[in-house]
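Asker: Structure incoming, see below.
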Amino acid sequence: MRLYSIISFFLLIVIGANAQYNPLVVKDTLGQQNWVNAKYDAMTLDERLGQLFMVSVASSQEKASIDKIKALIKEHHIGGVIFSTGGPVRQAKLTNSFQAESNIPLLVGMDAEWGLAMRLDSTYAFPWNMTLGAITDNSIVEKVGRQIGLHAKRLGVHINFAPDIDINTNPLNPIIGNRSFGEDRDNVADKGIAFMKGMEGAGVLSSGKHFPGHGDTATDSHHALPLIDFSKERLDSLELYPYRKLIKAGLSSVMVAHLNVPSLEIKEDWPSSLSEQIISGILKEQMGFDGLVFTDALNMTGVTNHGKDGDVELAAFLAGNDILLMPTEVANAKKKLLKAYERGRITEQRLANSVKKILQAKYKVGLNKYKPIEINGLYEDLNDIQSDLVYEEAIEKAITVVKNKFYLLGIKKLENKKIAYVKFGDADNKPFIDELNKYAEVTQVNGKDLATLKEKLKSYNLIIIGHHKSNESPWKPYKFSKQELEWLQGIADERSSNLVLAVFTKPYALMDISSFTNIDAVVVAYQNSVLAQQKSAQLIFGGIASKGVLPVSAHADFPVNTNVQISSLKRLGYSFPERVGLSSGKLGEVDRLVKDGLDSLMFPGAQVLIARRGKVVYNKGFGYPTYESKTEINTENIYDLASLTKILATLPLLMKMEETGKIALNDTFQELIPEYSETALKNVTVLKALSHYGRLPAWIAFYVNTLDEKRKPSSEFYRNKPIAGFTIKVTDNLFLADAFKDTIYNRIGRQDLKSNRYRYSDVAYYVMKKYIEDAYKTPLDKLADDFLFKPLGANNTSYNPLEKFPKNRIVPTEEDKYYRYQTVQGYVHDMGAAMQGGVGGHAGLFSNANDVAKIMQLYLQGGEYGGTRFLDSRTIKKFNTCYFCDKNVRRGVGFDKPQLKDKGPTCGCVSRKSFGHSGFTGTYTWADPDEELVYVFLSNRTYPSASNTLLVKSALRTRIQQAIYDALIN
């Protein structure tokens with residue numbers, strides 16, 4: 001992590017604890033006064049007048065335009081520049097070159113209301129004000145303001161013309177809209193103060209705009225002079241309210257808009273930016289503001305037609321403005337100002353007041369000790385992990401549920417849901433649909449016309465419609481098309497399914513919907529950013545809570561402050577490592593270790609997942625399905641889990657049976673299976689068997705006795721297609737005799753107990769499978785699916801995956817040259833499980849890392865997940881206990897546990913409460929309640945040959961585990 005990132009990270013923490021901290025508050029007031037007076041006294045009249053101008057520049061401009069700015073600096077001694085479009089490195093270099101030309105350091109400004117990305121490429125875009133207006137916790141808005149301030153300061157920007165504190169009471173406002181915190185005056189004021197404090201806490205000057213209030217107009221002042229035709233009482237109680245609050249809180253500057261406000265200015269059609277009554281009378285005298293006053297851009301049509309050749313700039317200064325922003329004619333304006341000064345219209349006191357305020361501002365931002373911008377590392381510092389964390393927290397807390405009929409959200413009972421997604425809008429929707437599919441199987445449904453679409457949707461009982469509009473800027477179109485409104489109503493009128501509408505644009509889009517009667521849930525996400533889409537999907541499925549409050553009136557049904565608060569269902573969410581106390585930088589060691597494994601030919605490919613505190617923060621695919629593959633592994637690929645099956649399928653069922661009295665830990669094998677009453681196994685208990693302390697054989701090579709003299713599957717036991725008596729499917733062209741099922745259990749019954757007490761064994765799980773299936777009269781795979789996988793939303797988890805998934809999603813396990821004589825892909829690798837039709841108590845389960853993590857998270861949460869209690873927490877604790885530790889047996893009941901001595905199944909860095917399991921094919925998962933950690937590693941180290949033991953010998957899986965613990969942030 002870069003030094004800047006570390007400093008800004010701790011600054012967020014330190015300043016967060018001290019909201020009053022403001023580096024712009026000058027402690028050495030005498031030093032400031034002396035510097036200001038010395039600079040002012042040393043300036044000529046021409047230089048003093050030059051300080052009043054802040055001209056526009058863009059790092060994307062041609063050299064000729066840049067040279068003109070340099071000439072203005074040299075010849076006219078301008079006081080500052082305001083940057084617009086371009087790139088950060090180009091702007092930093094330009095700033096350094098401009099500062100080198102100026103005798104007095106320039107005050108550098110930007111319009112960066114939602115971050116530098118408002119103007120610059122390759123920089124960070126934070127949420128728009130409307131989005132922030134939905135957040136109830138103002139400390140989060142302060143964090144956003146601070147992070148924007150840190151970026152501005154790093155780029156050498158001293159004043160950000162933000163926050164916009166217009167109260168947007170007009171939904172048709174073409175220029176404010178999403179730039180406003182909303183229509184509630186108190187909310188706008190509170191958010192403005194929080195944003196201001198955050199930004200100033202980073203050392204950047206704030207500017208409240210657009211005075212006296214640009215929110216209630218349908219005219220854009222860039223193109224005409226908007227009319228604000230309200231009474232003084234209305235303006236005083238609404239539009240001016242946030243300014244009074246922010247001024248009291250220490251607002252650095254105010255930007256005055258180009259507005260026609262007849263109740264405040266007697267001169268007809270006279271812009272507020274040129275109005276002495278509004279600026280000097282109301283803002284300064286009545287409201288007591290003594291900070292910097294900026295005009296809005298003087299090149300806007302709302303003001304340019306009120307004078308020429310410097311007349312507008314002169315009128316603006318005479319009205320009470322201190323800085324003339326983006327003037328059209330600097331030279332002519334200076335001449336007019338000089339003439340007014342010489343004629344006494346501008347007094348020395350008046351000029352000194354403005355210039356000294358400008359110098360005081362420069363002192364506040366450190367220009368008395370000016371240093372050039374450091375170019376090295378600029379891009380990285382402006383795109384740091386702290387920004388991701390702040391952005392994520394803001395989006396999470398902003399997303400607003402305005403309707404939730406039948407308590408539909410977060411969606412429960414996934415086993416009963418068949419879910420369709422329909423896309424509206426013309427912007428990207430992939431992050432949304434991808435995230436939805438992390439929770440359940442969600443199918444995108446399209447139709448060329450409404451009738452076709454409705455017909456396709458008939459087979460679904462839950463429909464999610466996403467309205468996706470451009471996230472490029474707040475001014476992009478946001479409305480539903482006429483066709484979309486017709487289709488929405490047509491879909492809603494079909495009452496055979498529940499309907500959820502998610503709106504990824506400004507909430508005003510809802511105004512055009514005639515009726516919400518048949519729309520069961522409405523989610524307002526405000527923006528169509530990747531994270532807004534992802535977090536909305538998480539909210540819909542209960543991965544995160546709903547906390548947002550509607551900042552504007554979006555419909556007659558949804559007035560301002562509408563909200564439905566929804567709690568998390570304790571489903572896994574998805575986040576960044578630092579959000580849960582892990583270091584992204586240190587987790588880079590995981591990448592390195594996995595790549596070392598690939599380079600060392602330990603496995604062709606792998607998935608690694610890390611979750612902490614209920615958030616998946618690392619989920620990656622590495623390598624390829626085979627060494628010959630061209631398609632890379634992704635997080636959707638499905639692996640043979642091997643022995644992870646024990647704790648992910650069989651054990652949950654056994655725990656539930658123990659809870660309901662269908663099995664007890666002290667039950668013996670003869671009690672479970674009466675046929676074993678005359679065998680050596682009869683007194684082996686469930687507890688000892690599942691703790692691998694029952695003296696059972698490690699495994700039995702059942703398949704060997706079914707091979708002929710050429711070691712090929714014998715025709716006595718197999719057929720190449722299913723026929724009567726041969727229906728157990730081993731592969732697509734190998735079917736085992738049905739009678740062999742009894743042979744397996746008979747052979748287990750003939751086994752002698754081994755002499756050593758501790759022996760890892762698969763055999764117990766054959767017995768458990770038989771008992772479970774006999775007890776419920778149902779196959780194990782269906783039981784696990786119905787009890788756990790479907791309700792959990794583990795839609796990538798299955799026995800016999802070829803029955804559910806395309807073959808290319810399933811990773812090959814081995815080139816089998818001893819039994820099946822083919823590539824094992826989509827069929828269980830374990831021979832014993834294969835001879836049971838792919839469904840073993842000890843093996844046979846396929847899944848991806850994300851689904852494995854869901855089950856492990858269920859265990860961490862004491863048996864609860866997705867609003868459903870699957871198991872009692874006491875049951876999990878009972879099975880996650882080492883009963884024979886005093887016998888040097890580390891195992892729990894089914895679960896593997898940390899080693900008791902130096903070597904074992906973990907890195908040695910985990911807690912004693914932790915648990916997990918490993919699998920023969922190269923799989924591993926571990927959960928630690930103390931650190932709230934889940935780790936999943938899936939690979940096919942057995943491909944092309946199971947004789948490849950490099951992964952096991954290298955201890956790579958536990959070295960990765962060590963890297964995870966090393967990444968914990970104290």
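FYI, nothing fancy with the structure tokens labels: chains A, B, ... in order, residues from 1 per chain, ligands from 1 as they appear.
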Any chance you could tabulate, as JSON lines, the residues of stretch 542-659 of chain A at most 9 Å from stretch 435-457 of chain A with each one's nearest atom pair and distance in Å to one decimal, using only C-alpha atoms, in chain and rising number order?
Answerer:
{"residue": "A:Gly543", "atom": "CA", "partner": "A:Tyr439", "partner_atom": "CA", "distance": 8.8}
{"residue": "A:Arg571", "atom": "CA", "partner": "A:Tyr439", "partner_atom": "CA", "distance": 8.4}
{"residue": "A:Leu572", "atom": "CA", "partner": "A:Tyr439", "partner_atom": "CA", "distance": 8.7}
Asker: Contacts of A:Leu24 at 10 Å or less, counting only C-alpha atoms, minus same-chain residues fewer than 6 places along, as a PyMOL selection string?
Answerer: chain A and resi 200-205+252+361+363-366
Asker: Could you save the residues just selected, with C-alpha atoms, as an mmCIF file, in the first residue's frame?
Answerer:
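Full text of selection.cif as output:
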data_model
loop_
_atom_site.group_PDB
_atom_site.id
_atom_site.type_symbol
_atom_site.label_atom_id
_atom_site.label_comp_id
_atom_site.auth_asym_id
_atom_site.auth_seq_id
_atom_site.Cartn_x
_atom_site.Cartn_y
_atom_site.Cartn_z
ATOM 1 C CA GLU A 200 -12.441 21.067 4.554
ATOM 2 C CA GLY A 201 -11.152 18.367 6.887
ATOM 3 C CA ALA A 202 -8.920 17.349 3.983
ATOM 4 C CA GLY A 203 -7.695 20.941 3.597
ATOM 5 C CA VAL A 204 -9.791 22.005 0.586
ATOM 6 C CA LEU A 205 -12.018 25.096 0.552
ATOM 7 C CA SER A 252 -15.584 28.986 3.033
ATOM 8 C CA ALA A 361 -7.760 31.848 1.421
ATOM 9 C CA TYR A 363 -2.744 31.158 3.143
ATOM 10 C CA LYS A 364 -5.353 28.757 4.525
ATOM 11 C CA VAL A 365 -4.633 26.186 1.826
ATOM 12 C CA GLY A 366 -0.884 26.440 2.355
#
Asker: Would you mind writing down, as number ranges by chain, each residue of stretch 792-903 of chain A that DSSP on the backbone assigns to strand (DSSP E or B)?
Answerer: A: 798-799, 810, 814-816, 822-824, 845-847, 864-865, 868-869, 896
Asker: With a distance cut-off of 12 Å and only C-alpha atoms, select the neighbouring residues of A:Leu259, excluding the residue or stretch itself and same-chain residues fewer than 4 positions from it, and output the selection as a PyMOL selection string.
Answerer: chain A and resi 210-229+263-265+268-275+278+295-296+300-303
Asker: Based on the selection just made, write C-alpha atoms of those residues as an mmCIF file, in the first residue's frame.
Answerer:
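Wrote out-v2.cif, looks like this:
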data_model
loop_
_atom_site.group_PDB
_atom_site.id
_atom_site.type_symbol
_atom_site.label_atom_id
_atom_site.label_comp_id
_atom_site.auth_asym_id
_atom_site.auth_seq_id
_atom_site.Cartn_x
_atom_site.Cartn_y
_atom_site.Cartn_z
ATOM 1 C CA HIS A 210 -26.006 28.257 -6.447
ATOM 2 C CA PHE A 211 -27.067 31.249 -4.310
ATOM 3 C CA PRO A 212 -29.846 32.194 -3.696
ATOM 4 C CA GLY A 213 -31.221 28.860 -4.971
ATOM 5 C CA HIS A 214 -31.371 27.163 -8.374
ATOM 6 C CA GLY A 215 -33.569 24.200 -7.430
ATOM 7 C CA ASP A 216 -37.053 25.280 -8.460
ATOM 8 C CA THR A 217 -36.716 26.139 -12.112
ATOM 9 C CA ALA A 218 -37.067 24.322 -15.414
ATOM 10 C CA THR A 219 -34.547 26.634 -17.119
ATOM 11 C CA ASP A 220 -30.809 26.030 -17.490
ATOM 12 C CA SER A 221 -28.855 29.203 -16.667
ATOM 13 C CA HIS A 222 -26.141 28.101 -19.071
ATOM 14 C CA HIS A 223 -28.558 28.951 -21.888
ATOM 15 C CA ALA A 224 -31.002 31.533 -20.457
ATOM 16 C CA LEU A 225 -31.805 33.495 -17.308
ATOM 17 C CA PRO A 226 -34.084 31.344 -15.098
ATOM 18 C CA LEU A 227 -36.980 33.032 -13.333
ATOM 19 C CA ILE A 228 -37.327 32.300 -9.605
ATOM 20 C CA ASP A 229 -40.734 33.880 -9.039
ATOM 21 C CA SER A 263 -38.764 39.500 -5.010
ATOM 22 C CA LEU A 264 -35.111 40.152 -4.084
ATOM 23 C CA GLU A 265 -33.958 42.465 -6.913
ATOM 24 C CA GLU A 268 -36.112 43.940 -13.967
ATOM 25 C CA ASP A 269 -34.532 40.798 -15.441
ATOM 26 C CA TRP A 270 -31.298 41.503 -13.585
ATOM 27 C CA PRO A 271 -29.163 38.461 -12.715
ATOM 28 C CA SER A 272 -28.607 37.708 -9.043
ATOM 29 C CA SER A 273 -24.875 37.431 -9.783
ATOM 30 C CA LEU A 274 -24.886 41.141 -10.608
ATOM 31 C CA SER A 275 -27.286 42.196 -7.863
ATOM 32 C CA ILE A 278 -28.819 40.105 -3.216
ATOM 33 C CA THR A 295 -19.778 34.603 -9.396
ATOM 34 C CA ASP A 296 -21.032 31.607 -11.296
ATOM 35 C CA MET A 300 -22.899 31.592 -19.311
ATOM 36 C CA THR A 301 -25.765 32.928 -21.408
ATOM 37 C CA GLY A 302 -27.718 33.689 -18.252
ATOM 38 C CA VAL A 303 -25.427 36.686 -17.738
#
Asker: Just asking: which residues within stretch 466-563 of chain A are helix (DSSP H, G or I) according to DSSP, as a ChimeraX atom specification?
Answerer: /A:482-493,507-512,530-540
Asker: Keeping N, CA and C atoms for every residue in the selection just given, could you write it to a file as a PDB file, in the first residue's frame?
Answerer:
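New file again.pdb:
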ATOM      1  N   LYS A 482     -42.024   4.960 -23.711  1.00  0.00           N
ATOM      2  CA  LYS A 482     -43.458   4.702 -23.766  1.00  0.00           C
ATOM      3  C   LYS A 482     -43.725   3.200 -23.821  1.00  0.00           C
ATOM      4  N   GLN A 483     -42.909   2.487 -24.621  1.00  0.00           N
ATOM      5  CA  GLN A 483     -43.084   1.038 -24.730  1.00  0.00           C
ATOM      6  C   GLN A 483     -42.812   0.358 -23.402  1.00  0.00           C
ATOM      7  N   GLU A 484     -41.771   0.801 -22.696  1.00  0.00           N
ATOM      8  CA  GLU A 484     -41.433   0.185 -21.410  1.00  0.00           C
ATOM      9  C   GLU A 484     -42.539   0.384 -20.391  1.00  0.00           C
ATOM     10  N   LEU A 485     -43.153   1.557 -20.388  1.00  0.00           N
ATOM     11  CA  LEU A 485     -44.271   1.800 -19.474  1.00  0.00           C
ATOM     12  C   LEU A 485     -45.447   0.873 -19.798  1.00  0.00           C
ATOM     13  N   GLU A 486     -45.704   0.664 -21.087  1.00  0.00           N
ATOM     14  CA  GLU A 486     -46.780  -0.250 -21.481  1.00  0.00           C
ATOM     15  C   GLU A 486     -46.454  -1.686 -21.080  1.00  0.00           C
ATOM     16  N   TRP A 487     -45.209  -2.083 -21.301  1.00  0.00           N
ATOM     17  CA  TRP A 487     -44.795  -3.442 -20.948  1.00  0.00           C
ATOM     18  C   TRP A 487     -44.816  -3.647 -19.445  1.00  0.00           C
ATOM     19  N   LEU A 488     -44.376  -2.634 -18.700  1.00  0.00           N
ATOM     20  CA  LEU A 488     -44.382  -2.740 -17.240  1.00  0.00           C
ATOM     21  C   LEU A 488     -45.801  -2.963 -16.731  1.00  0.00           C
ATOM     22  N   GLN A 489     -46.734  -2.186 -17.263  1.00  0.00           N
ATOM     23  CA  GLN A 489     -48.121  -2.336 -16.821  1.00  0.00           C
ATOM     24  C   GLN A 489     -48.681  -3.694 -17.241  1.00  0.00           C
ATOM     25  N   GLY A 490     -48.303  -4.130 -18.445  1.00  0.00           N
ATOM     26  CA  GLY A 490     -48.782  -5.420 -18.928  1.00  0.00           C
ATOM     27  C   GLY A 490     -48.268  -6.581 -18.096  1.00  0.00           C
ATOM     28  N   ILE A 491     -46.996  -6.512 -17.707  1.00  0.00           N
ATOM     29  CA  ILE A 491     -46.415  -7.558 -16.855  1.00  0.00           C
ATOM     30  C   ILE A 491     -47.044  -7.515 -15.466  1.00  0.00           C
ATOM     31  N   ALA A 492     -47.218  -6.289 -14.949  1.00  0.00           N
ATOM     32  CA  ALA A 492     -47.779  -6.137 -13.605  1.00  0.00           C
ATOM     33  C   ALA A 492     -49.214  -6.661 -13.524  1.00  0.00           C
ATOM     34  N   ASP A 493     -49.950  -6.543 -14.604  1.00  0.00           N
ATOM     35  CA  ASP A 493     -51.347  -6.979 -14.593  1.00  0.00           C
ATOM     36  C   ASP A 493     -51.490  -8.494 -14.524  1.00  0.00           C
ATOM     37  N   PRO A 507     -34.785   9.032  -9.036  1.00  0.00           N
ATOM     38  CA  PRO A 507     -36.107   8.538  -8.616  1.00  0.00           C
ATOM     39  C   PRO A 507     -37.268   9.152  -9.375  1.00  0.00           C
ATOM     40  N   TYR A 508     -37.048  10.298 -10.031  1.00  0.00           N
ATOM     41  CA  TYR A 508     -38.132  10.927 -10.784  1.00  0.00           C
ATOM     42  C   TYR A 508     -38.646  10.036 -11.903  1.00  0.00           C
ATOM     43  N   ALA A 509     -37.877   9.002 -12.276  1.00  0.00           N
ATOM     44  CA  ALA A 509     -38.347   8.075 -13.319  1.00  0.00           C
ATOM     45  C   ALA A 509     -39.664   7.417 -12.920  1.00  0.00           C
ATOM     46  N   LEU A 510     -39.881   7.269 -11.615  1.00  0.00           N
ATOM     47  CA  LEU A 510     -41.096   6.608 -11.132  1.00  0.00           C
ATOM     48  C   LEU A 510     -42.357   7.427 -11.396  1.00  0.00           C
ATOM     49  N   MET A 511     -42.200   8.728 -11.639  1.00  0.00           N
ATOM     50  CA  MET A 511     -43.364   9.606 -11.799  1.00  0.00           C
ATOM     51  C   MET A 511     -44.238   9.215 -12.981  1.00  0.00           C
ATOM     52  N   ASP A 512     -43.632   8.605 -13.986  1.00  0.00           N
ATOM     53  CA  ASP A 512     -44.387   8.298 -15.201  1.00  0.00           C
ATOM     54  C   ASP A 512     -45.152   6.985 -15.107  1.00  0.00           C
ATOM     55  N   VAL A 530     -21.540   0.099 -11.393  1.00  0.00           N
ATOM     56  CA  VAL A 530     -21.351  -1.327 -11.139  1.00  0.00           C
ATOM     57  C   VAL A 530     -21.732  -1.657  -9.700  1.00  0.00           C
ATOM     58  N   LEU A 531     -21.244  -0.856  -8.766  1.00  0.00           N
ATOM     59  CA  LEU A 531     -21.501  -1.155  -7.361  1.00  0.00           C
ATOM     60  C   LEU A 531     -22.962  -0.957  -6.988  1.00  0.00           C
ATOM     61  N   ALA A 532     -23.604   0.047  -7.556  1.00  0.00           N
ATOM     62  CA  ALA A 532     -25.029   0.253  -7.267  1.00  0.00           C
ATOM     63  C   ALA A 532     -25.843  -0.950  -7.743  1.00  0.00           C
ATOM     64  N   GLN A 533     -25.481  -1.503  -8.885  1.00  0.00           N
ATOM     65  CA  GLN A 533     -26.171  -2.697  -9.384  1.00  0.00           C
ATOM     66  C   GLN A 533     -25.906  -3.893  -8.470  1.00  0.00           C
ATOM     67  N   GLN A 534     -24.660  -4.084  -8.097  1.00  0.00           N
ATOM     68  CA  GLN A 534     -24.308  -5.231  -7.257  1.00  0.00           C
ATOM     69  C   GLN A 534     -24.975  -5.141  -5.892  1.00  0.00           C
ATOM     70  N   LYS A 535     -24.925  -3.970  -5.285  1.00  0.00           N
ATOM     71  CA  LYS A 535     -25.503  -3.818  -3.949  1.00  0.00           C
ATOM     72  C   LYS A 535     -27.021  -3.928  -3.973  1.00  0.00           C
ATOM     73  N   SER A 536     -27.642  -3.510  -5.062  1.00  0.00           N
ATOM     74  CA  SER A 536     -29.094  -3.662  -5.176  1.00  0.00           C
ATOM     75  C   SER A 536     -29.470  -5.134  -5.223  1.00  0.00           C
ATOM     76  N   ALA A 537     -28.693  -5.917  -5.963  1.00  0.00           N
ATOM     77  CA  ALA A 537     -28.949  -7.360  -6.011  1.00  0.00           C
ATOM     78  C   ALA A 537     -28.767  -7.976  -4.631  1.00  0.00           C
ATOM     79  N   GLN A 538     -27.720  -7.550  -3.921  1.00  0.00           N
ATOM     80  CA  GLN A 538     -27.492  -8.065  -2.570  1.00  0.00           C
ATOM     81  C   GLN A 538     -28.650  -7.710  -1.654  1.00  0.00           C
ATOM     82  N   LEU A 539     -29.154  -6.493  -1.783  1.00  0.00           N
ATOM     83  CA  LEU A 539     -30.289  -6.067  -0.954  1.00  0.00           C
ATOM     84  C   LEU A 539     -31.534  -6.896  -1.274  1.00  0.00           C
ATOM     85  N   ILE A 540     -31.788  -7.111  -2.548  1.00  0.00           N
ATOM     86  CA  ILE A 540     -32.985  -7.861  -2.952  1.00  0.00           C
ATOM     87  C   ILE A 540     -32.999  -9.246  -2.316  1.00  0.00           C
TER      88      ILE A 540
END
Asker: Restricting the calculation to only C-alpha atoms, which member of A:Thr347, A:Gln360, A:Asn178, A:Ser280 is positioned closest to A:Thr505?
Answerer: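 With only C-alpha atoms as the atom set, the closest residue is A:Asn178.
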